[in-house]
Amino acid sequence: MTGRRAVAVVAAIAGLVAAVPSAAAQHGHGAPEPPSAAPVPVDVGFDAFAPAHVDALVGATVRWTNVSVRPHTVTAQDGSWDSGRIGVDGVYARRFDAVGSVPYLCTLHPGMRGEVSVHDVLLDAPSDHAAPGRPFPLRGRAALPAGTEVAIEADAGDGFAAVAEATVAADGTFGADVVPETTARWRAVAGSGPSPAVLLPVVDREVALARRGHALTAVVSPPAPGMTVVLQLRLRERFGWWPVRRARLDDRSRARFVLRRRGGHVPARVLLTLGDGATELARSRTLHVGG
Ligand SMILES: [Cu+2]
């Protein structure tokens, strides 16, 4: 039943505790890339650009790669620049230094159209859902001097309103922890105008925890397959709750932890977290394992 498709984790607690520092040091998968990061990639397909719309920071390079079996061009709609023929597997890169929208097309197949939107400020699309009333880290990048103030705005249906402020760091990134109550669109405002809006879904989730023998099964509802859960144990020798194992919810929104421990009862609970494994969204009741 549950065990087959569940994430089965078998580990000795002693070994898990020893592994905690390395787990804590892991980088969250949603960490923002610095503004000087790799070019924005666009695939040139048989009859379409993918994605057809990209957002880029001022000064960023967009890189088109012909992944199809015939030649194409990347040509500004106003004729101001032209890649020439891009052969199969060929690449064309162009840097964009001015804010604004730049429509382009393929002159060989004029139905192929795309657009580059260039901005002073971009908000990273959240990779996780938020929970109501809990802090959520919003991150972004700016092509603006360090120290520039960035207004963080939200629109839950009544129009955008300022919610938080952030400051551009030396590496061009900025961030603010916001506490959303409901699903909303978010944007950053600085320089020449607002960033494109990103949607931050807010979902109130519950973590049910059941024990059978040495196995703990966590079920998150509403379903959240792929999201991160963390098993915590309250360890007397560590003076509190410690994360001992991290897992991803399977396609049935479950995770299974199998514990082996000699002697003594240990309180255990499971947290639903952001991808960083640290920012809590919901937590289960506490059960006792071992003994
Ligand atoms: Cu073409």
# chains A, B, ... in the order shown; residues from 1 in each chain; ligands from 1
>>> closest_atom_pairs(of="chain A", to="ligand 1", cutoff="9 Å", atoms="only C-alpha atoms and all ligand atoms", output="JSON lines")
{"residue": "A:Val44", "atom": "CA", "partner": "ligand 1", "partner_atom_place_in_ligand_line": "1 (Cu)", "distance": 7.8}
{"residue": "A:Gly45", "atom": "CA", "partner": "ligand 1", "partner_atom_place_in_ligand_line": "1 (Cu)", "distance": 8.1}
{"residue": "A:Phe46", "atom": "CA", "partner": "ligand 1", "partner_atom_place_in_ligand_line": "1 (Cu)", "distance": 7.1}
{"residue": "A:Asp47", "atom": "CA", "partner": "ligand 1", "partner_atom_place_in_ligand_line": "1 (Cu)", "distance": 6.3}
{"residue": "A:Ala48", "atom": "CA", "partner": "ligand 1", "partner_atom_place_in_ligand_line": "1 (Cu)", "distance": 7.6}
{"residue": "A:Phe49", "atom": "CA", "partner": "ligand 1", "partner_atom_place_in_ligand_line": "1 (Cu)", "distance": 8.8}
{"residue": "A:Arg70", "atom": "CA", "partner": "ligand 1", "partner_atom_place_in_ligand_line": "1 (Cu)", "distance": 7.6}
{"residue": "A:Pro71", "atom": "CA", "partner": "ligand 1", "partner_atom_place_in_ligand_line": "1 (Cu)", "distance": 6.3}
{"residue": "A:His72", "atom": "CA", "partner": "ligand 1", "partner_atom_place_in_ligand_line": "1 (Cu)", "distance": 3.7}
{"residue": "A:Thr73", "atom": "CA", "partner": "ligand 1", "partner_atom_place_in_ligand_line": "1 (Cu)", "distance": 5.8}
{"residue": "A:Val74", "atom": "CA", "partner": "ligand 1", "partner_atom_place_in_ligand_line": "1 (Cu)", "distance": 8.0}
{"residue": "A:Arg85", "atom": "CA", "partner": "ligand 1", "partner_atom_place_in_ligand_line": "1 (Cu)", "distance": 9.0}
{"residue": "A:Ile86", "atom": "CA", "partner": "ligand 1", "partner_atom_place_in_ligand_line": "1 (Cu)", "distance": 8.9}
{"residue": "A:Leu105", "atom": "CA", "partner": "ligand 1", "partner_atom_place_in_ligand_line": "1 (Cu)", "distance": 8.0}
{"residue": "A:Cys106", "atom": "CA", "partner": "ligand 1", "partner_atom_place_in_ligand_line": "1 (Cu)", "distance": 4.6}
{"residue": "A:Thr107", "atom": "CA", "partner": "ligand 1", "partner_atom_place_in_ligand_line": "1 (Cu)", "distance": 6.6}
{"residue": "A:Leu108", "atom": "CA", "partner": "ligand 1", "partner_atom_place_in_ligand_line": "1 (Cu)", "distance": 4.9}
{"residue": "A:His109", "atom": "CA", "partner": "ligand 1", "partner_atom_place_in_ligand_line": "1 (Cu)", "distance": 4.3}
{"residue": "A:Pro110", "atom": "CA", "partner": "ligand 1", "partner_atom_place_in_ligand_line": "1 (Cu)", "distance": 7.1}
{"residue": "A:Gly111", "atom": "CA", "partner": "ligand 1", "partner_atom_place_in_ligand_line": "1 (Cu)", "distance": 8.1}
{"residue": "A:Met112", "atom": "CA", "partner": "ligand 1", "partner_atom_place_in_ligand_line": "1 (Cu)", "distance": 6.2}
>>> residues_around(residues="Pro145 (chain A)", least_positions_apart="5", cutoff="12 Å", atoms="only C-alpha atoms", output="ChimeraX atom specification")
/A:120-121,150,167-174,190-191
>>> residues_around(residues="Ile152 (chain A)", least_positions_apart="2", cutoff="9 Å", atoms="only C-alpha atoms", output="compact mmCIF listing (two decimals) with C-alpha atoms, in the first residue's frame")
# COMPACT_ATOMS: atom_id res chain seq x y z
CA LEU A 138 10.83 37.06 -1.80
CA VAL A 150 13.09 48.73 -3.81
CA ALA A 154 1.23 43.05 -3.56
CA ALA A 161 -0.10 48.39 -2.62
CA ALA A 162 3.31 48.71 -0.99
CA VAL A 163 3.97 45.98 1.57
CA ALA A 164 7.69 45.94 2.25
CA GLU A 165 10.98 47.56 1.34
CA ALA A 166 14.25 46.06 0.26
CA ALA A 176 12.39 40.84 1.76
CA VAL A 178 6.81 39.05 3.53
CA TRP A 186 3.77 40.55 -6.22
CA ARG A 187 6.10 42.99 -7.92
CA ALA A 188 9.15 45.11 -7.16
CA VAL A 189 9.23 48.81 -7.95
>>> atom_distance(atom1="CA of Val99 (chain A)", atom2="CA of Val58 (chain A)")
6.3 Å
>>> closest_residue(among="A:Gly100, A:Pro135, A:Gly175, A:Pro225", to="Pro194 (chain A)", atoms="only C-alpha atoms")
A:Gly100
